[in-house]
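Q: Data file structure-v3.txt (compact mmCIF, C-alpha atoms) is appended below.
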```
# COMPACT_ATOMS: atom_id res chain seq x y z
CA MET A 61 87.05 52.43 -17.35
CA ARG A 62 90.51 53.58 -16.33
CA THR A 63 91.25 50.13 -14.89
CA ARG A 64 90.26 48.43 -18.16
CA LEU A 65 92.44 50.82 -20.11
CA CYS A 66 95.41 50.09 -17.87
CA VAL A 67 94.85 46.35 -18.29
CA LEU A 68 94.65 46.74 -22.07
CA VAL A 69 97.85 48.76 -22.19
CA ALA A 70 99.59 46.17 -20.01
CA LEU A 71 98.45 43.32 -22.28
CA ILE A 72 99.67 45.15 -25.38
CA ALA A 73 103.02 45.77 -23.72
CA MET A 74 103.32 42.11 -22.73
CA GLY A 75 102.46 41.03 -26.26
CA ALA A 76 105.10 43.32 -27.72
CA MET A 77 107.65 41.95 -25.25
CA VAL A 78 106.85 38.34 -26.22
CA LEU A 79 107.18 39.16 -29.92
CA ALA A 80 110.52 40.87 -29.32
CA GLN A 81 111.78 37.82 -27.45
CA GLU A 82 110.66 35.51 -30.28
CA ASP A 83 112.34 37.73 -32.87
CA LYS A 84 115.56 37.59 -30.83
CA LYS A 85 115.28 33.80 -30.62
CA GLU A 86 115.00 33.41 -34.40
CA ALA A 87 117.90 35.83 -34.93
CA GLU A 88 120.05 33.76 -32.55
CA ARG A 89 119.14 30.55 -34.40
CA LEU A 90 120.15 32.09 -37.70
CA GLY A 91 123.42 33.27 -36.19
CA GLU A 92 124.17 29.79 -34.84
CA ALA A 93 123.27 28.19 -38.16
CA ALA A 94 125.62 30.55 -40.01
CA LYS A 95 128.46 29.78 -37.59
CA VAL A 96 128.00 26.00 -37.97
CA LEU A 97 127.86 26.31 -41.75
CA GLN A 98 131.01 28.45 -41.92
CA GLU A 99 132.96 26.10 -39.67
CA ILE A 100 131.97 22.93 -41.53
CA LEU A 101 132.51 24.42 -44.98
CA ALA A 102 136.01 25.45 -43.87
CA MET A 103 136.98 21.88 -42.92
CA PRO A 104 139.52 20.38 -45.39
CA GLU A 105 137.86 16.96 -45.23
CA GLY A 106 134.33 18.28 -44.88
CA ILE A 107 131.51 18.57 -47.40
CA PRO A 108 132.93 18.07 -50.92
CA GLN A 109 132.83 21.25 -53.00
CA SER A 110 131.52 19.31 -55.99
CA LEU A 111 128.43 18.22 -54.06
CA LEU A 112 127.76 21.64 -52.60
CA ASP A 113 127.99 23.13 -56.10
CA LYS A 114 125.31 20.71 -57.33
CA SER A 115 122.89 21.25 -54.43
CA GLU A 116 119.54 22.99 -54.85
CA CYS A 117 119.06 23.80 -51.15
CA VAL A 118 121.05 23.61 -47.92
CA VAL A 119 119.51 23.03 -44.48
CA VAL A 120 121.45 23.72 -41.27
CA PHE A 121 120.45 22.55 -37.78
CA PRO A 122 122.82 23.77 -35.04
CA GLY A 123 122.89 22.00 -31.69
CA VAL A 124 120.22 19.31 -32.13
CA LYS A 125 119.41 18.07 -28.64
CA LYS A 126 118.16 14.82 -27.20
CA ALA A 127 114.60 15.30 -25.99
CA ALA A 128 113.70 14.75 -22.36
CA ILE A 129 110.54 12.86 -23.30
CA GLY A 130 110.83 9.53 -25.04
CA ILE A 131 113.78 7.21 -25.52
CA GLY A 132 116.20 8.61 -28.05
CA GLY A 133 113.80 11.33 -29.13
CA SER A 134 115.46 14.45 -30.52
CA TYR A 135 114.56 17.83 -31.87
CA GLY A 136 116.27 20.67 -33.66
CA ARG A 137 115.49 24.08 -35.09
CA GLY A 138 117.40 25.61 -37.96
CA ALA A 139 117.18 27.23 -41.37
CA LEU A 140 117.00 26.39 -45.06
CA SER A 141 118.17 28.40 -48.05
CA CYS A 142 117.64 27.45 -51.70
CA ARG A 143 118.97 28.76 -54.95
CA THR A 144 116.25 31.00 -56.38
CA GLY A 145 114.63 30.74 -59.80
CA ALA A 146 112.36 28.16 -61.39
CA SER A 147 115.37 25.92 -62.09
CA HIS A 148 117.21 26.75 -58.83
CA ASN A 149 120.02 28.42 -60.74
CA GLY A 150 119.78 31.90 -59.18
CA PRO A 151 121.28 33.46 -56.02
CA TRP A 152 120.75 31.87 -52.62
CA SER A 153 117.41 32.78 -51.05
CA ALA A 154 116.36 34.35 -47.79
CA PRO A 155 116.30 31.68 -45.07
CA ALA A 156 113.17 29.76 -44.13
CA MET A 157 113.06 28.40 -40.59
CA TYR A 158 112.77 24.61 -40.28
CA ALA A 159 112.28 21.93 -37.64
CA LEU A 160 113.87 18.47 -37.45
CA GLU A 161 112.28 15.80 -35.28
CA GLY A 162 112.95 12.10 -34.96
CA ALA A 163 113.30 9.01 -32.87
CA SER A 164 117.07 8.64 -32.92
CA ILE A 165 118.72 11.65 -34.55
CA GLY A 166 120.40 12.92 -31.38
CA LEU A 167 123.80 11.93 -30.05
CA GLN A 168 124.87 10.52 -33.43
CA LEU A 169 128.54 10.79 -32.54
CA GLY A 170 128.34 10.59 -28.76
CA GLY A 171 127.81 14.26 -27.97
CA SER A 172 125.06 15.97 -25.98
CA GLU A 173 124.36 18.19 -29.00
CA THR A 174 124.88 17.49 -32.69
CA ASP A 175 125.03 19.87 -35.65
CA PHE A 176 123.43 18.68 -38.88
CA ILE A 177 123.70 19.88 -42.46
CA MET A 178 121.62 18.54 -45.34
CA LEU A 179 122.22 19.08 -49.03
CA VAL A 180 119.09 18.84 -51.17
CA MET A 181 120.45 17.55 -54.45
CA ASN A 182 117.64 17.71 -57.02
CA GLU A 183 114.30 19.27 -57.93
CA LYS A 184 112.27 16.40 -56.52
CA GLY A 185 113.99 16.74 -53.15
CA ALA A 186 113.55 20.52 -53.16
CA GLN A 187 109.83 20.26 -53.89
CA SER A 188 109.42 17.68 -51.13
CA VAL A 189 111.01 19.79 -48.41
CA LEU A 190 109.40 23.04 -49.59
CA THR A 191 105.80 21.93 -49.99
CA SER A 192 105.11 19.43 -47.23
CA LYS A 193 106.12 17.76 -43.98
CA VAL A 194 108.67 15.18 -45.08
CA LYS A 195 109.52 11.84 -43.51
CA LEU A 196 113.10 11.30 -44.56
CA GLY A 197 113.68 7.99 -46.25
CA ALA A 198 109.99 7.54 -47.05
CA ASP A 199 108.91 10.79 -48.73
CA ALA A 200 112.42 11.78 -49.81
CA ALA A 201 115.42 9.48 -50.31
CA ILE A 202 118.23 10.38 -47.92
CA ALA A 203 121.76 9.02 -47.54
CA ALA A 204 124.84 9.68 -45.46
CA GLY A 205 126.83 12.23 -47.41
CA PRO A 206 130.37 11.34 -48.49
CA LYS A 207 133.00 13.70 -47.12
CA GLY A 208 136.27 14.98 -48.51
CA ARG A 209 137.93 12.55 -50.88
CA GLU A 210 135.29 9.91 -50.11
CA ALA A 211 133.05 11.61 -52.68
CA GLU A 212 135.18 10.11 -55.45
CA ALA A 213 134.38 6.60 -54.23
CA ALA A 214 130.73 7.21 -53.36
CA THR A 215 128.25 4.68 -54.68
CA THR A 216 125.76 5.51 -57.41
CA GLY A 217 122.92 5.05 -54.92
CA THR A 218 124.39 7.61 -52.56
CA LEU A 219 124.98 10.19 -55.26
CA LYS A 220 121.44 9.74 -56.61
CA ALA A 221 119.85 10.38 -53.21
CA GLU A 222 117.58 13.41 -53.04
CA ILE A 223 119.16 14.53 -49.76
CA LEU A 224 122.67 14.00 -48.39
CA SER A 225 123.16 14.52 -44.65
CA TYR A 226 126.15 15.25 -42.41
CA SER A 227 126.68 15.61 -38.67
CA ARG A 228 129.25 17.05 -36.30
CA SER A 229 129.57 16.35 -32.60
CA LYS A 230 132.52 16.86 -30.22
CA GLY A 231 134.64 17.93 -33.17
CA ALA A 232 134.02 14.73 -35.14
CA PHE A 233 132.46 15.14 -38.58
CA ALA A 234 130.78 12.41 -40.62
CA GLY A 235 128.11 11.57 -43.13
CA VAL A 236 125.11 10.22 -41.26
CA SER A 237 121.68 9.02 -42.31
CA LEU A 238 118.64 10.73 -40.80
CA GLU A 239 116.23 8.16 -42.22
CA GLY A 240 112.98 8.07 -40.27
CA SER A 241 113.26 11.63 -39.02
CA THR A 242 110.78 14.37 -39.96
CA LEU A 243 111.65 17.64 -41.65
CA ARG A 244 109.10 20.45 -41.75
CA SER A 245 108.78 24.19 -42.17
CA ASP A 246 108.56 26.00 -38.81
CA GLY A 247 105.56 28.23 -39.50
CA ASP A 248 105.60 30.05 -36.16
CA ALA A 249 109.30 30.86 -36.43
CA ASN A 250 108.86 32.14 -39.98
CA LYS A 251 106.00 34.37 -38.84
CA HIS A 252 108.12 35.82 -36.03
CA LEU A 253 111.05 36.39 -38.39
CA TYR A 254 109.13 37.99 -41.27
CA GLY A 255 106.16 39.49 -39.44
CA LYS A 256 103.54 37.57 -41.40
CA GLU A 257 102.53 34.04 -42.27
CA LEU A 258 104.60 32.73 -45.16
CA SER A 259 105.19 29.27 -46.56
CA ALA A 260 108.74 28.07 -47.11
CA GLN A 261 108.03 28.10 -50.84
CA GLN A 262 107.09 31.80 -50.70
CA ILE A 263 110.21 32.70 -48.73
CA VAL A 264 112.74 31.01 -51.00
CA THR A 265 111.31 32.19 -54.32
CA GLY A 266 113.13 35.46 -53.80
CA ASN A 267 110.04 37.49 -54.77
CA VAL A 268 108.17 37.88 -51.48
CA VAL A 269 110.72 38.85 -48.83
CA GLN A 270 114.22 40.22 -48.50
CA THR A 271 116.87 38.50 -46.42
CA PRO A 272 116.61 39.85 -42.84
CA PRO A 273 119.85 41.16 -41.26
CA ALA A 274 120.09 38.09 -39.01
CA GLY A 275 120.00 35.80 -42.05
CA GLN A 276 122.60 37.60 -44.13
CA PRO A 277 125.69 35.77 -42.73
CA LEU A 278 124.14 32.41 -43.67
CA VAL A 279 123.26 33.51 -47.20
CA GLU A 280 126.59 35.29 -47.69
CA SER A 281 128.50 32.15 -46.64
CA LEU A 282 126.66 30.05 -49.21
CA THR A 283 127.14 32.71 -51.89
CA LYS A 284 130.87 32.96 -51.22
CA LYS A 285 131.43 29.20 -51.13
CA SER A 286 129.11 28.16 -53.97
CA PRO A 287 127.88 31.09 -56.10
CA LYS A 288 126.57 29.00 -59.00
CA ASN A 289 124.61 25.79 -59.43
CA LEU A 290 126.91 23.49 -61.38
CA SER A 291 124.50 20.58 -61.81
CA GLU A 292 124.71 19.06 -65.28
CA SER A 293 121.01 19.83 -65.85
CA LYS A 294 121.62 23.58 -65.27
```
Kindly return the structure encoded in the file as structure tokens.

A:
Amino acid sequence: MRTRLCVLVALIAMGAMVLAQEDKKEAERLGEAAKVLQEILAMPEGIPQSLLDKSECVVVFPGVKKAAIGIGGSYGRGALSCRTGASHNGPWSAPAMYALEGASIGLQLGGSETDFIMLVMNEKGAQSVLTSKVKLGADAAIAAGPKGREAEAATTGTLKAEILSYSRSKGAFAGVSLEGSTLRSDGDANKHLYGKELSAQQIVTGNVVQTPPAGQPLVESLTKKSPKNLSESK
């Protein structure tokens, strides 16, 4: 009996240790995502302010790596925040953890790791990324985002895309298409972060959870840079 009790206590302790490690991992991902966002938003010829101000959601994937299995396969883990409210015209939400997977999304600019940022530009795009696993280009229209002054000369097709995407590698920053890649909510990471199973939709409504300490720098950066949704429809 004593042996069984000792085994049980040891298993509980191991489980608690694993959970603590997972919580730390999600906190580190949020910290990295916030750093990438802050650095890119501070670039003079980076993401145009006018596009950020019209976005419904922002997704950040720091350090997307080339996978060891498969030719050109890549994976990334990051976070999404949306403007709250039925019309996405409220404050930025608590972050939902997301995963990015694809056949050729790594090494876009010749680096071993690449940072990605996506702007979700309309309600249709927001609903796609919040409610299902999305194949970019098929389930949601995606285009390389114009940067800096290029936004003024962007084509109508680009500006009407549901998602605009950007990448940074080895200091180089550019709009880049992630067509063919898959974007999905990372359910396990969200459970570790919030302590219970939650959908991305539940997290970003602003009614179910509060922003955890690890996610505050990301949300604060978005709030400081783009406090209001300036889309014409808002």

Q: Please measure the separation of atom CA of A:Gly106 and atom CA of A:Leu224, giving the value in Å to one decimal.

A: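 The value is 12.9 Å.
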
Q: Here is a test: counting all atoms listed in the file, which residue of A:Glu183, A:Glu280, A:Asp248, A:Glu292 is nearest to A:Leu97?

A: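 Selected residue with least distance to A:Leu97: A:Glu280.
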
Q: A:Gly150: which residues within 8 Å, counting all atoms listed in the file, same-chain residues fewer than 6 positions away excluded, as a list in words?

A: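 Returned residues: Arg143, Thr144, Lys288 and Asn289 of chain A.
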
Q: Just the selected residues (C-alpha atoms), exported as a PDB file, in the coordinates of the input, please.

A:
```
ATOM      1  CA  ARG A 143     118.970  28.760 -54.950  1.00  0.00           C
ATOM      2  CA  THR A 144     116.250  31.000 -56.380  1.00  0.00           C
ATOM      3  CA  LYS A 288     126.570  29.000 -59.000  1.00  0.00           C
ATOM      4  CA  ASN A 289     124.610  25.790 -59.430  1.00  0.00           C
TER       5      ASN A 289
END
```

Q: Determine the nearest neighbour of A:Ala200 from the options A:Val118, A:Met103, A:Met178, A:Ile223, counting only C-alpha atoms.

A: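 Closest residue, counting only C-alpha atoms: A:Ile223.
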
Q: Using all atoms listed in the file for the distances, tell me which of A:Pro108, A:Gly136, A:Gly208, A:Pro277 is nearest to A:Leu179.

A: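 The answer is A:Pro108, which sits nearest to A:Leu179.
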
Q: Name the closest residue to A:Cys117 among the candidates A:Pro151, A:Gly162, A:Gly235, A:Pro273; distances are taken between atoms, counting all atoms listed in the file.

A: A:Pro151

Q: One decimal, Å: what's the distance from atom CA of A:Leu101 over to atom CA of A:His252, could you say?

A: 28.4 Å

Q: Could you tell me which of A:Lys84, A:Lys285, A:Lys220, A:Lys207 comes closest to A:Val236 if we count only C-alpha atoms?

A: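 Looking only at the distances to A:Val236, the closest residue turns out to be A:Lys207.
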
Q: So how many Å separate atom CA of A:Leu112 and atom CA of A:Ser141, to one decimal?

A: 12.6 Å

Q: For a quick check of understanding, using all atoms listed in the file, which of A:Arg89, A:Glu99, A:Trp152, A:Thr265 has the smallest distance to A:Lys284?

A: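 Using all atoms listed in the file, A:Lys284 sits closest to A:Trp152.
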
Q: What's the 8 Å shell around stretch 242-246 of chain A, counting all atoms listed in the file, without same-chain residues fewer than 4 positions away, as JSON, numbers by chain?

A: {"A": [156, 157, 158, 159, 160, 161, 162, 189, 190, 192, 193, 194, 195, 196, 250, 259, 260]}

Q: With a distance cut-off of 12 Å and all atoms listed in the file, select the neighbouring residues of A:Glu88, excluding the residue or stretch itself and same-chain residues fewer than 4 positions from it, and output the selection as a list in words.

A: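 After dropping sequence-adjacent residues, the list is Gln81, Glu82, Asp83, Lys84, Glu92, Ala93, Ala94, Lys95, Pro122, Arg137, Gly138, Ala139, Met157, Ala249, Leu253, Pro273, Ala274, Gly275, Pro277 and Leu278 of chain A.
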